$ cat entry11.cif   # mmCIF, C-alpha atoms
data_data
#
loop_
_atom_site.label_atom_id
_atom_site.label_comp_id
_atom_site.auth_asym_id
_atom_site.auth_seq_id
_atom_site.Cartn_x
_atom_site.Cartn_y
_atom_site.Cartn_z
CA MET B 264 81.95 -136.68 57.08
CA TYR B 265 78.33 -135.73 56.69
CA CYS B 266 77.47 -138.53 54.29
CA SER B 267 76.17 -140.92 56.88
CA VAL B 268 72.51 -141.75 56.73
CA VAL B 269 70.47 -140.93 59.81
CA ARG B 270 68.94 -144.24 60.68
CA HIS B 271 68.09 -144.44 64.35
CA GLN B 272 64.73 -143.06 65.24
CA ASN B 273 64.74 -144.21 68.88
CA THR B 274 66.57 -141.11 70.04
CA ARG B 275 63.67 -138.91 68.91
CA GLY B 276 61.85 -137.64 71.91
CA LEU B 277 58.09 -137.32 72.06
CA ARG B 278 58.32 -133.53 71.72
CA SER B 279 60.08 -133.80 68.37
CA GLN B 280 57.27 -135.92 67.01
CA LEU B 281 54.78 -133.28 68.07
CA LYS B 282 56.70 -130.67 66.08
CA ASP B 283 55.93 -132.43 62.80
CA SER B 284 52.20 -132.78 63.31
CA VAL B 285 49.53 -130.41 62.08
CA PRO B 286 49.17 -127.54 64.54
CA VAL B 287 45.66 -126.61 65.52
CA THR B 288 46.37 -122.90 65.41
CA GLY B 289 49.19 -122.21 62.97
CA MET B 290 50.20 -118.99 64.59
CA GLY B 291 51.19 -119.34 68.21
CA PRO B 292 54.02 -118.05 70.38
CA GLN B 293 57.07 -120.18 69.77
CA VAL B 294 57.54 -121.61 73.25
CA GLY B 295 60.94 -123.00 74.08
CA ALA B 296 62.12 -125.30 76.78
CA TYR B 297 60.71 -123.49 79.81
CA GLY B 298 57.35 -122.39 78.40
CA VAL B 299 58.63 -118.89 77.54
CA GLN B 300 59.33 -117.18 74.21
CA ASP B 301 62.43 -118.77 72.71
CA THR B 302 64.13 -115.57 71.56
CA LEU B 303 67.38 -117.19 70.47
CA ARG B 304 65.74 -119.44 67.92
CA SER B 305 62.52 -117.75 66.86
CA GLY B 306 63.40 -114.08 67.18
CA PHE B 307 61.59 -111.33 69.02
CA SER B 308 57.90 -111.84 69.64
CA SER B 309 55.18 -109.51 68.44
CA VAL B 310 51.52 -110.10 69.16
CA LYS B 311 50.42 -108.61 65.83
CA ASN B 312 52.72 -110.91 63.88
CA GLU B 313 51.53 -113.98 65.64
CA LEU B 314 47.79 -113.47 65.89
CA LEU B 315 47.06 -113.04 62.19
CA PRO B 316 48.68 -114.73 59.21
CA SER B 317 50.30 -112.29 56.80
CA HIS B 318 48.42 -113.71 53.83
CA ALA B 319 45.08 -115.49 53.52
CA LEU B 320 46.78 -118.53 52.00
CA GLU B 321 49.67 -118.79 54.45
CA LEU B 322 48.09 -121.27 56.85
CA SER B 323 46.40 -123.35 54.20
CA GLU B 324 49.59 -123.64 52.18
CA LYS B 325 51.71 -124.51 55.17
CA ASN B 326 49.49 -127.47 56.01
CA PHE B 327 48.35 -128.38 52.51
CA GLN B 328 50.35 -131.57 52.07
CA LEU B 329 49.55 -132.80 55.57
CA ASN B 330 45.84 -132.15 55.10
CA GLN B 331 45.81 -133.91 51.75
CA ASP B 332 47.51 -136.93 53.29
CA LYS B 333 45.06 -136.99 56.19
CA MET B 334 42.12 -136.87 53.79
CA ASN B 335 43.52 -139.58 51.54
CA PHE B 336 44.37 -141.87 54.42
CA SER B 337 40.95 -141.53 56.00
CA ASN B 338 39.30 -142.25 52.62
CA LEU B 339 41.51 -145.29 52.21
CA ARG B 340 40.62 -146.48 55.69
CA ASN B 341 36.91 -146.15 54.97
CA ILE B 342 37.19 -147.98 51.67
CA GLN B 343 39.72 -150.72 52.31
CA GLY B 344 39.95 -151.01 56.06
CA LEU B 345 42.58 -150.10 58.59
CA HIS B 346 45.39 -152.18 57.14
CA ALA B 347 45.75 -150.09 53.97
CA PRO B 348 46.72 -146.72 55.53
CA LEU B 349 48.81 -148.51 58.17
CA LYS B 350 50.86 -150.29 55.53
CA LEU B 351 51.29 -147.13 53.51
CA GLN B 352 52.34 -145.08 56.52
CA MET B 353 54.84 -147.73 57.46
CA GLU B 354 56.34 -147.49 53.97
CA TYR B 355 56.38 -143.70 54.18
CA ARG B 356 58.24 -143.82 57.47
CA ALA B 357 60.79 -146.23 56.08
CA ALA B 358 61.31 -144.09 52.97
CA ARG B 359 61.55 -140.88 54.96
CA GLN B 360 64.53 -142.22 56.84
CA ILE B 361 66.61 -142.44 53.67
CA GLN B 362 68.13 -139.00 53.66
CA ARG B 363 71.27 -137.05 54.39
CA LEU B 364 71.73 -134.96 57.49
CA PRO B 365 69.13 -132.20 57.74
CA PHE B 366 71.20 -129.22 56.58
CA LEU B 367 72.24 -131.00 53.36
CA GLN B 368 70.07 -131.47 50.29
CA SER B 369 68.61 -134.97 50.00
CA SER B 370 66.70 -136.07 46.94
CA HIS B 371 63.91 -137.93 48.81
CA LEU B 372 63.63 -140.17 45.76
CA ALA B 373 61.94 -143.11 47.49
CA LEU B 374 59.52 -140.87 49.35
CA ASP B 375 58.62 -138.96 46.17
CA THR B 376 58.01 -142.17 44.27
CA LEU B 377 55.73 -143.47 47.01
CA LYS B 378 53.77 -140.24 47.22
CA GLY B 379 53.54 -139.87 43.45
CA ASN B 380 55.42 -136.57 43.40
CA ASP B 381 57.76 -137.88 40.72
CA GLU B 382 54.94 -137.72 38.18
CA SER B 383 53.75 -134.20 38.83
CA ILE B 384 55.10 -130.67 38.82
CA SER B 385 53.72 -127.88 40.93
CA PHE B 386 54.85 -124.58 42.40
CA GLU B 387 56.89 -126.41 45.04
CA ASP B 388 59.25 -127.59 42.31
CA ILE B 389 59.52 -124.32 40.45
CA LEU B 390 59.46 -121.54 43.03
CA ASN B 391 61.81 -121.22 45.99
CA ASP B 392 63.72 -124.42 45.32
CA PRO B 393 65.43 -125.32 48.62
CA ALA B 394 68.43 -126.62 46.67
CA GLN B 395 69.03 -123.08 45.43
CA SER B 396 68.33 -121.20 48.65
CA GLU B 397 70.91 -118.60 49.60
CA MET B 398 70.81 -119.38 53.30
CA MET B 399 72.13 -122.51 54.90
CA GLY B 400 70.89 -123.84 58.18
CA GLU B 401 73.21 -124.03 61.14
CA PRO B 402 74.39 -127.68 61.04
CA HIS B 403 74.66 -128.37 64.78
CA ILE B 404 71.30 -126.87 65.69
CA MET B 405 69.50 -128.59 62.82
CA VAL B 406 70.88 -132.00 63.74
CA GLU B 407 70.02 -131.45 67.39
CA TYR B 408 66.49 -130.40 66.46
CA LYS B 409 66.03 -133.45 64.29
CA LEU B 410 67.28 -135.82 66.95
CA GLY B 411 64.96 -134.26 69.46
CA MET B 412 67.75 -133.08 71.74
CA MET B 413 66.56 -129.48 71.71
CA MET G 125 65.47 -114.41 59.35
CA ALA G 126 66.32 -116.11 62.57
CA THR G 127 63.30 -118.38 62.54
CA LEU G 128 62.76 -121.22 60.14
CA SER G 129 66.18 -121.71 58.65
CA VAL G 130 67.61 -122.40 62.07
CA CYS G 131 65.65 -125.51 62.93
CA GLN G 132 63.95 -126.85 59.83
CA PRO G 133 64.93 -126.92 56.18
CA GLN G 134 63.03 -124.58 53.90
CA LEU G 135 60.23 -125.93 51.74
CA GLY G 136 59.64 -124.98 48.12
CA GLY G 137 56.61 -123.17 46.77
CA PHE G 138 55.17 -119.77 47.63
CA SER G 139 56.85 -117.83 50.39
CA PHE G 140 54.76 -115.36 52.36
CA GLU G 141 57.67 -113.73 54.19
CA ASN G 142 57.32 -110.34 52.59
CA CYS G 143 53.55 -109.99 52.72
CA LYS G 144 53.42 -107.88 55.87
CA ARG G 145 56.24 -105.69 54.61
CA ASN G 146 54.45 -105.22 51.28
CA ALA G 147 51.21 -104.26 53.04
CA VAL G 148 53.06 -101.63 55.08
CA LEU G 149 54.85 -100.29 51.97
CA GLU G 150 51.60 -100.06 50.04
CA ALA G 151 49.94 -98.13 52.87
CA GLU G 152 52.87 -95.71 52.97
CA VAL G 153 52.86 -95.21 49.22
CA THR G 154 49.14 -94.53 49.00
CA LYS G 155 49.51 -92.05 51.85
CA LEU G 156 51.98 -90.15 49.67
CA GLY G 157 49.55 -90.28 46.77
CA CYS G 158 51.58 -92.44 44.37
CA ASN G 159 50.49 -95.70 42.84
CA VAL G 160 51.94 -99.12 43.39
CA PRO G 161 52.88 -100.66 39.99
CA SER G 162 50.17 -103.04 38.89
CA ALA G 163 50.55 -106.49 37.41
CA ARG G 164 50.32 -106.85 33.66
CA LYS G 165 46.83 -108.07 32.79
CA THR G 166 45.53 -109.29 29.50
CA GLY G 167 42.10 -107.47 29.71
CA THR G 168 40.97 -109.62 26.95
CA THR G 169 38.43 -111.17 24.72
CA ILE G 170 38.77 -114.92 24.45
CA CYS G 171 36.16 -117.34 23.25
CA GLY G 172 35.63 -120.85 21.99
CA VAL G 173 32.96 -122.72 20.05
CA VAL G 174 32.27 -126.38 19.34
CA PHE G 175 31.54 -127.15 15.69
CA LYS G 176 30.83 -130.34 13.83
CA ASP G 177 34.30 -131.89 13.82
CA GLY G 178 36.08 -130.07 16.62
CA ILE G 179 36.77 -126.80 18.40
CA VAL G 180 37.60 -123.26 17.30
CA LEU G 181 39.35 -121.08 19.91
CA GLY G 182 39.82 -117.38 19.38
CA ALA G 183 41.65 -114.58 21.21
CA ASP G 184 42.71 -110.97 20.70
CA THR G 185 46.36 -109.97 21.14
CA ARG G 186 46.55 -106.98 23.45
CA ALA G 187 48.18 -107.00 26.92
CA THR G 188 47.58 -103.98 29.16
CA GLU G 189 49.39 -102.62 32.19
CA GLY G 190 46.93 -100.30 33.88
CA MET G 191 45.98 -97.81 31.15
CA ILE G 192 48.91 -98.55 28.86
CA VAL G 193 49.15 -101.21 26.18
CA ALA G 194 52.10 -103.34 27.27
CA ASP G 195 52.17 -105.75 24.35
CA LYS G 196 50.52 -105.14 20.99
CA ASN G 197 50.86 -108.70 19.79
CA CYS G 198 50.92 -111.19 22.61
CA SER G 199 49.91 -114.79 22.22
CA LYS G 200 47.00 -115.81 24.42
CA ILE G 201 46.33 -119.27 23.05
CA HIS G 202 48.61 -121.59 25.00
CA TYR G 203 49.64 -125.13 24.18
CA ILE G 204 48.59 -127.76 26.68
CA SER G 205 49.01 -130.94 24.69
CA PRO G 206 48.99 -131.84 20.98
CA ASN G 207 45.19 -132.07 21.01
CA ILE G 208 44.34 -129.52 23.72
CA TYR G 209 44.83 -125.74 23.66
CA CYS G 210 43.88 -123.14 26.26
CA CYS G 211 43.16 -119.41 25.99
CA GLY G 212 44.00 -117.34 29.04
CA ALA G 213 42.56 -114.09 30.41
CA GLY G 214 43.46 -112.27 33.61
CA THR G 215 46.95 -111.69 34.95
CA ALA G 216 49.34 -112.56 32.12
CA ALA G 217 51.99 -114.25 34.29
CA ASP G 218 49.40 -116.34 36.10
CA THR G 219 47.84 -117.69 32.90
CA GLU G 220 51.26 -118.36 31.41
CA MET G 221 52.63 -120.26 34.41
CA THR G 222 49.40 -122.13 35.11
CA THR G 223 49.09 -123.40 31.56
CA GLN G 224 52.75 -124.39 31.48
CA ILE G 225 52.48 -126.32 34.74
CA ILE G 226 49.34 -128.11 33.61
CA SER G 227 50.94 -128.86 30.24
CA SER G 228 53.94 -130.46 31.99
CA ASN G 229 51.71 -132.44 34.32
CA LEU G 230 49.58 -133.68 31.41
CA GLU G 231 52.69 -134.72 29.52
CA LEU G 232 53.94 -136.74 32.50
CA HIS G 233 50.47 -138.22 32.98
CA SER G 234 50.17 -139.21 29.33
CA LEU G 235 53.63 -140.76 29.40
CA SER G 236 52.71 -142.87 32.37
CA THR G 237 49.31 -143.92 30.94
CA SER G 238 50.65 -144.03 27.34
CA ARG G 239 47.43 -142.52 26.02
CA LEU G 240 46.50 -139.21 24.47
CA PRO G 241 45.38 -136.91 27.31
CA ARG G 242 41.72 -136.04 27.72
CA VAL G 243 40.30 -132.55 28.04
CA ALA G 244 38.47 -133.54 31.23
CA THR G 245 41.82 -134.41 32.83
CA ALA G 246 43.24 -131.00 32.03
CA ASN G 247 40.06 -129.38 33.31
CA ARG G 248 40.20 -131.22 36.62
CA MET G 249 43.87 -130.49 37.14
CA LEU G 250 43.30 -126.80 36.46
CA LYS G 251 40.26 -126.49 38.69
CA GLN G 252 41.93 -128.27 41.60
CA MET G 253 44.97 -126.05 41.37
CA LEU G 254 43.00 -122.82 41.08
CA PHE G 255 40.75 -123.77 44.01
CA ARG G 256 43.76 -124.55 46.14
CA TYR G 257 44.91 -120.95 45.75
CA GLN G 258 41.42 -119.55 46.40
CA GLY G 259 41.35 -117.17 43.44
CA HIS G 260 44.62 -115.41 44.27
CA ILE G 261 45.96 -116.80 41.00
CA GLY G 262 44.04 -114.61 38.56
CA ALA G 263 43.67 -116.92 35.60
CA ALA G 264 40.38 -117.20 33.70
CA LEU G 265 40.74 -119.85 31.02
CA VAL G 266 38.92 -121.26 28.03
CA LEU G 267 40.08 -124.84 27.57
CA GLY G 268 39.25 -126.75 24.41
CA GLY G 269 40.39 -129.90 22.70
CA VAL G 270 39.47 -133.06 20.87
CA ASP G 271 40.10 -136.43 22.49
CA CYS G 272 38.83 -139.98 22.16
CA ASN G 273 35.35 -138.91 23.29
CA GLY G 274 34.98 -136.06 20.82
CA PRO G 275 35.37 -132.28 21.10
CA HIS G 276 35.08 -130.66 24.54
CA LEU G 277 35.04 -127.01 25.61
CA TYR G 278 35.35 -125.77 29.18
CA SER G 279 35.51 -122.36 30.80
CA ILE G 280 37.46 -122.14 34.06
CA TYR G 281 37.12 -119.22 36.47
CA PRO G 282 39.90 -117.96 38.80
CA HIS G 283 38.30 -119.42 41.91
CA GLY G 284 38.11 -122.89 40.45
CA SER G 285 34.57 -123.30 39.08
CA THR G 286 34.20 -124.74 35.60
CA ASP G 287 31.46 -124.93 32.97
CA LYS G 288 31.21 -127.36 30.09
CA LEU G 289 29.36 -125.60 27.29
CA PRO G 290 29.11 -125.51 23.49
CA TYR G 291 30.25 -121.87 23.32
CA VAL G 292 32.06 -119.79 25.96
CA THR G 293 33.62 -116.34 26.25
CA MET G 294 35.87 -114.86 28.96
CA GLY G 295 37.67 -111.64 29.68
CA SER G 296 36.68 -107.99 29.74
CA GLY G 297 35.25 -108.20 26.21
CA SER G 298 33.28 -111.33 26.98
CA LEU G 299 29.88 -109.61 26.91
CA ALA G 300 30.45 -108.23 23.41
CA ALA G 301 31.64 -111.61 22.15
CA MET G 302 28.80 -113.46 23.88
CA ALA G 303 26.28 -111.17 22.21
CA VAL G 304 27.60 -112.29 18.81
CA PHE G 305 27.53 -115.94 19.86
CA GLU G 306 24.00 -115.77 21.23
CA ASP G 307 22.82 -114.28 17.98
CA ARG G 308 24.49 -116.59 15.47
CA TYR G 309 25.47 -119.86 17.15
CA LYS G 310 23.99 -123.01 15.62
CA GLN G 311 24.70 -126.60 16.50
CA ASP G 312 26.96 -128.63 14.17
CA MET G 313 28.35 -125.74 12.15
CA GLU G 314 30.87 -126.20 9.37
CA GLU G 315 34.48 -125.22 9.96
CA GLU G 316 34.39 -122.05 7.85
CA ASP G 317 31.20 -120.85 9.54
CA ALA G 318 32.67 -121.52 12.95
CA LYS G 319 35.86 -119.62 12.08
CA ARG G 320 33.85 -116.68 10.80
CA LEU G 321 31.67 -116.68 13.92
CA VAL G 322 34.65 -116.69 16.27
CA ARG G 323 36.39 -114.00 14.22
CA ASP G 324 33.32 -111.80 14.44
CA ALA G 325 32.95 -112.39 18.17
CA ILE G 326 36.55 -111.40 18.85
CA ALA G 327 36.20 -108.41 16.54
CA ALA G 328 33.16 -107.30 18.57
CA GLY G 329 35.29 -107.50 21.71
CA ILE G 330 38.17 -105.62 20.06
CA PHE G 331 36.07 -102.75 18.81
CA ASN G 332 33.84 -102.34 21.85
CA ASP G 333 36.21 -102.97 24.75
CA LEU G 334 39.23 -100.89 25.70
CA GLY G 335 41.11 -103.83 27.14
CA SER G 336 41.12 -105.81 23.89
CA GLY G 337 42.73 -104.89 20.63
CA SER G 338 45.17 -105.55 17.80
CA ASN G 339 44.88 -108.82 15.92
CA ILE G 340 42.67 -111.88 16.08
CA ASP G 341 44.28 -115.28 16.65
CA LEU G 342 42.42 -118.47 15.91
CA CYS G 343 43.13 -122.08 16.76
CA VAL G 344 41.15 -124.82 15.00
CA ILE G 345 41.43 -128.24 16.65
CA THR G 346 40.05 -131.32 14.96
CA LYS G 347 40.82 -135.00 15.35
CA GLY G 348 44.43 -135.37 14.28
CA ARG G 349 44.95 -131.78 13.08
CA VAL G 350 45.58 -128.42 14.75
CA ASP G 351 45.64 -125.15 12.79
CA TYR G 352 47.17 -122.36 14.80
CA LEU G 353 46.36 -119.23 12.77
CA ARG G 354 48.35 -116.37 14.16
CA PRO G 355 47.37 -113.80 13.03
CA HIS G 356 44.16 -114.82 11.43
CA ASP G 357 42.97 -111.26 10.92
CA MET G 358 44.70 -107.96 11.52
CA ALA G 359 41.74 -105.91 12.62
CA ASN G 360 43.77 -102.89 13.76
CA LYS G 361 46.63 -102.22 11.42
CA LYS G 362 49.03 -99.39 12.25
CA GLY G 363 49.47 -96.73 9.56
CA VAL G 364 52.54 -96.95 7.33
CA ARG G 365 55.03 -94.10 7.63
CA SER G 366 56.78 -92.88 4.47
CA GLN G 367 59.75 -94.96 3.44
CA ARG G 368 62.59 -92.40 3.52
CA LEU G 369 63.94 -92.42 7.10
CA ILE G 370 67.03 -90.20 6.82
CA ARG G 371 65.40 -87.22 5.19
CA PRO G 372 61.68 -87.81 5.22
CA VAL G 373 59.83 -86.70 2.15
CA TYR G 374 56.86 -84.52 2.87
CA ALA G 375 55.05 -85.17 -0.35
CA TYR G 376 51.85 -83.18 -0.52
CA LYS G 377 49.16 -83.82 -3.02
CA GLN G 378 48.58 -81.41 -5.87
CA GLY G 379 46.00 -78.86 -4.86
CA THR G 380 46.80 -79.03 -1.09
CA THR G 381 47.42 -75.31 -0.96
CA GLY G 382 44.97 -73.16 -2.85
CA VAL G 383 46.43 -70.56 -5.26
CA LEU G 384 45.03 -67.02 -4.71
CA THR G 385 46.86 -64.82 -7.28
CA LYS G 386 49.52 -65.39 -9.92
CA SER G 387 51.69 -62.66 -11.52
CA VAL G 388 54.57 -63.27 -13.98
CA ILE G 389 57.34 -60.58 -14.39
CA LYS G 390 59.61 -61.02 -17.41
CA LEU G 391 63.30 -60.17 -16.86
CA ASP G 392 64.93 -58.40 -19.83
CA LEU G 393 68.50 -59.72 -20.34
CA GLU G 394 70.86 -58.78 -23.23
CA VAL G 395 73.86 -60.86 -24.40
CA VAL G 396 77.12 -58.96 -23.61
CA GLU G 397 79.96 -61.37 -24.43
CA GLU G 398 80.26 -64.89 -25.84
CA THR G 399 83.42 -67.05 -25.38
CA VAL G 400 84.16 -70.70 -26.17
CA GLN G 401 86.64 -72.65 -24.06
CA THR G 402 87.77 -76.11 -25.30
CA MET G 403 87.98 -78.93 -22.81
CA ASP G 404 91.26 -80.80 -22.30
CA THR G 405 90.29 -84.39 -23.07
CA SER G 406 93.78 -85.93 -23.49
#
$ encode --input "entry11.cif" --output "structure tokens"
Amino acid sequence: MYCSVVRHQNTRGLRSQLKDSVPVTGMGPQVGAYGVQDTLRSGFSSVKNELLPSHALELSEKNFQLNQDKMNFSNLRNIQGLHAPLKLQMEYRAARQIQRLPFLQSSHLALDTLKGNDESISFEDILNDPAQSEMMGEPHIMVEYKLGMM
Amino acid sequence: MATLSVCQPQLGGFSFENCKRNAVLEAEVTKLGCNVPSARKTGTTICGVVFKDGIVLGADTRATEGMIVADKNCSKIHYISPNIYCCGAGTAADTEMTTQIISSNLELHSLSTSRLPRVATANRMLKQMLFRYQGHIGAALVLGGVDCNGPHLYSIYPHGSTDKLPYVTMGSGSLAAMAVFEDRYKQDMEEEDAKRLVRDAIAAGIFNDLGSGSNIDLCVITKGRVDYLRPHDMANKKGVRSQRLIRPVYAYKQGTTGVLTKSVIKLDLEVVEETVQTMDTS
């Protein structure tokens, strides 16, 4: 049942695209639909938990891949012109669509090959492998979040 | 628990979920006066030297856990690639994992370039990874190897800075070892001289630093040949207990106890009766 590939991107609302971008301040109150704390999805709020990261590396690690990509793309734009990062980002978007539904494990093989992750090993592959995580996401909510319906 | 797994799939890598809880626990424990268990470090002496045809790396073999020796014979010279080896000081797990990750990455890289890996590649990979984690990964490394451009020796600090030098030392015994190097290092040494110099430097670290001890391991890397000498020299040998384990023999040397006086009393016995009994041997 859940083997179908999620192909249509048009149903993604603008808000869902904002969720994937680099946040300016990593720690902020998780606002829900009406501008208030979304207790159902992000738990009880605590000012102390949200103002400071729990570890010095937490913010930098959360955004590491995005920051690396930004840096590489801007270098590429300065060296080769605008067409180079545009083409690459188009390929990334196409490869990112090849996956199973969000609560299932997809291999991201095309995306990894494009990014060069198939030729390197780092802590993301060894520690905390999402394929072996003990908790599963709630299927309905994850699909709704991905399609931007939430 | 209700947060990330609900909307987005979990990513791999380090998870900082328990950091706040750990900070609170540590504060509570220190209030009670106990100590949080510390990570196993390798409070070490490691060093390397460039000689005429290649590199000699040396390391001691003691791993400490606070004030206790956790491992009397641990191996601190790690394999990175057939022509590159790396000594590690600092937190034992960090050096172990870091060198294994870099070794895997170098293997993949050399498979895709189909060339023998270079020491500068390993150095750059290590320094970029250590800088990414801002020194929280406590691995101080001495990286040495021989590649197409000759022998190279680097020292890499936990925050990600590196030095390319003809002789380097790291670890808690590094000052003692560096003193030996500064005194006797010469350019273009022979292999035997280089091995003796490294052995003496590590011995200086072992005998003058509490965090280093036990044996001396050496690794000689030249073009096309690697000699991993483990142990090269057993500087601190444990005493041998006596062989009998079930009922130990307390053999004392003659003259252990001094004799003060000696008196001999003869017992007078007279023969009363004499009988012969034959044995039945049928």
$ atom_distance --input "entry11.cif" --atom1 "atom CA of G:Thr169" --atom2 "atom CA of G:Glu314"
22.8 Å
$ closest_residue --input "entry11.cif" --among "B:Gln352, B:Thr376, B:Thr302, B:Ser309" --to "chain G" --atoms "all atoms listed in the file"
B:Thr302
$ residues_around --input "entry11.cif" --residues "G:Asp307" --least-positions-apart "4" --cutoff "12 Å" --atoms "all atoms listed in the file" --output "JSON, numbers by chain"
{"G": [291, 300, 301, 302, 303, 321, 324, 325]}
$ atom_distance --input "entry11.cif" --atom1 "atom CA of G:Phe175" --atom2 "atom CA of G:Ile326"
16.8 Å
$ closest_residue --input "entry11.cif" --among "B:Ser370, B:Gln343, B:Gln362, B:Asn380" --to "B:Gln328" --atoms "all atoms listed in the file"
B:Asn380
$ closest_residue --input "entry11.cif" --among "G:Asn229, G:Ser162, G:Ser234, G:Thr219" --to "chain B" --atoms "all atoms listed in the file"
G:Asn229
$ resolve_selection --input "entry11.cif" --expression "the PyMOL selection byres ((chain G) within 12 of (chain B))" --output "number ranges by chain"
G: 125-148, 218, 221-237, 249-250, 252-261
$ residues_around --input "entry11.cif" --residues "G:Gly295" --least-positions-apart "2" --cutoff "10 Å" --atoms "all atoms listed in the file" --output "list in words"
Thr166, Gly167, Thr168, Thr169, Ile170, Cys171, Ala183, Gly212, Ala213, Gly214, Ala263, Ala264, Leu265, Val266, Thr293, Gly297, Ser298, Leu299, Ala301, Gly329, Gly335 and Ser336 of chain G
$ residues_around --input "entry11.cif" --residues "B:Pro348" --least-positions-apart "2" --cutoff "8 Å" --atoms "all atoms listed in the file" --output "PyMOL selection string"
chain B and resi 336-337+339-340+345-346+350-352
$ closest_residue --input "entry11.cif" --among "G:Val388, G:Ile179, G:Val160, G:Ala187" --to "G:Leu289" --atoms "only C-alpha atoms"
G:Ile179
$ atom_distance --input "entry11.cif" --atom1 "atom CA of B:Ala373" --atom2 "atom CA of B:Ala358"
5.6 Å
$ resolve_selection --input "entry11.cif" --expression "the PyMOL selection byres ((chain G and resi 341-349) around 7)" --output "PDB file with C-alpha atoms, keeping the file's coordinate frame"
ATOM      1  CA  ASP G 177      34.300-131.890  13.820  1.00  0.00           C
ATOM      2  CA  GLY G 178      36.080-130.070  16.620  1.00  0.00           C
ATOM      3  CA  ILE G 179      36.770-126.800  18.400  1.00  0.00           C
ATOM      4  CA  VAL G 180      37.600-123.260  17.300  1.00  0.00           C
ATOM      5  CA  LEU G 181      39.350-121.080  19.910  1.00  0.00           C
ATOM      6  CA  GLY G 182      39.820-117.380  19.380  1.00  0.00           C
ATOM      7  CA  ALA G 183      41.650-114.580  21.210  1.00  0.00           C
ATOM      8  CA  ASP G 184      42.710-110.970  20.700  1.00  0.00           C
ATOM      9  CA  ASN G 207      45.190-132.070  21.010  1.00  0.00           C
ATOM     10  CA  GLY G 269      40.390-129.900  22.700  1.00  0.00           C
ATOM     11  CA  VAL G 270      39.470-133.060  20.870  1.00  0.00           C
ATOM     12  CA  ASN G 339      44.880-108.820  15.920  1.00  0.00           C
ATOM     13  CA  ILE G 340      42.670-111.880  16.080  1.00  0.00           C
ATOM     14  CA  VAL G 350      45.580-128.420  14.750  1.00  0.00           C
ATOM     15  CA  ASP G 351      45.640-125.150  12.790  1.00  0.00           C
ATOM     16  CA  TYR G 352      47.170-122.360  14.800  1.00  0.00           C
ATOM     17  CA  LEU G 353      46.360-119.230  12.770  1.00  0.00           C
ATOM     18  CA  ARG G 354      48.350-116.370  14.160  1.00  0.00           C
ATOM     19  CA  PRO G 355      47.370-113.800  13.030  1.00  0.00           C
ATOM     20  CA  HIS G 356      44.160-114.820  11.430  1.00  0.00           C
TER      21      HIS G 356
END
$ axis_aligned_box --input "entry11.cif" --around "stretch 399-408 of chain B" --padding-each-side "6 Å" --output "AutoDock Vina command-line options"
--center_x 70.6 --center_y -127.3 --center_z 61.1 --size_x 20.2 --size_y 21.5 --size_z 24.5
$ build_atoms --input "entry11.cif" --residues "stretch 270-277 of chain G" --atoms "N, CA, C and O atoms" --output "PDB file, in the coordinates of the input"
ATOM      1  N   VAL G 270      40.168-131.899  21.417  1.00  0.00           N
ATOM      2  CA  VAL G 270      39.470-133.060  20.870  1.00  0.00           C
ATOM      3  C   VAL G 270      40.195-134.300  21.367  1.00  0.00           C
ATOM      4  O   VAL G 270      41.406-134.419  21.208  1.00  0.00           O
ATOM      5  N   ASP G 271      39.465-135.198  22.025  1.00  0.00           N
ATOM      6  CA  ASP G 271      40.100-136.430  22.490  1.00  0.00           C
ATOM      7  C   ASP G 271      39.272-137.617  22.017  1.00  0.00           C
ATOM      8  O   ASP G 271      38.450-137.479  21.118  1.00  0.00           O
ATOM      9  N   CYS G 272      39.485-138.768  22.651  1.00  0.00           N
ATOM     10  CA  CYS G 272      38.830-139.980  22.160  1.00  0.00           C
ATOM     11  C   CYS G 272      37.314-139.905  22.283  1.00  0.00           C
ATOM     12  O   CYS G 272      36.594-140.654  21.613  1.00  0.00           O
ATOM     13  N   ASN G 273      36.802-139.033  23.124  1.00  0.00           N
ATOM     14  CA  ASN G 273      35.350-138.910  23.290  1.00  0.00           C
ATOM     15  C   ASN G 273      34.751-137.777  22.483  1.00  0.00           C
ATOM     16  O   ASN G 273      33.573-137.474  22.656  1.00  0.00           O
ATOM     17  N   GLY G 274      35.529-137.143  21.620  1.00  0.00           N
ATOM     18  CA  GLY G 274      34.980-136.060  20.820  1.00  0.00           C
ATOM     19  C   GLY G 274      35.497-134.716  21.255  1.00  0.00           C
ATOM     20  O   GLY G 274      36.429-134.611  22.038  1.00  0.00           O
ATOM     21  N   PRO G 275      34.905-133.620  20.729  1.00  0.00           N
ATOM     22  CA  PRO G 275      35.370-132.280  21.100  1.00  0.00           C
ATOM     23  C   PRO G 275      34.745-131.839  22.419  1.00  0.00           C
ATOM     24  O   PRO G 275      33.583-132.119  22.701  1.00  0.00           O
ATOM     25  N   HIS G 276      35.562-131.157  23.257  1.00  0.00           N
ATOM     26  CA  HIS G 276      35.080-130.660  24.540  1.00  0.00           C
ATOM     27  C   HIS G 276      35.526-129.233  24.718  1.00  0.00           C
ATOM     28  O   HIS G 276      36.635-128.887  24.326  1.00  0.00           O
ATOM     29  N   LEU G 277      34.705-128.417  25.375  1.00  0.00           N
ATOM     30  CA  LEU G 277      35.040-127.010  25.610  1.00  0.00           C
ATOM     31  C   LEU G 277      34.662-126.675  27.044  1.00  0.00           C
ATOM     32  O   LEU G 277      33.526-126.911  27.459  1.00  0.00           O
TER      33      LEU G 277
END
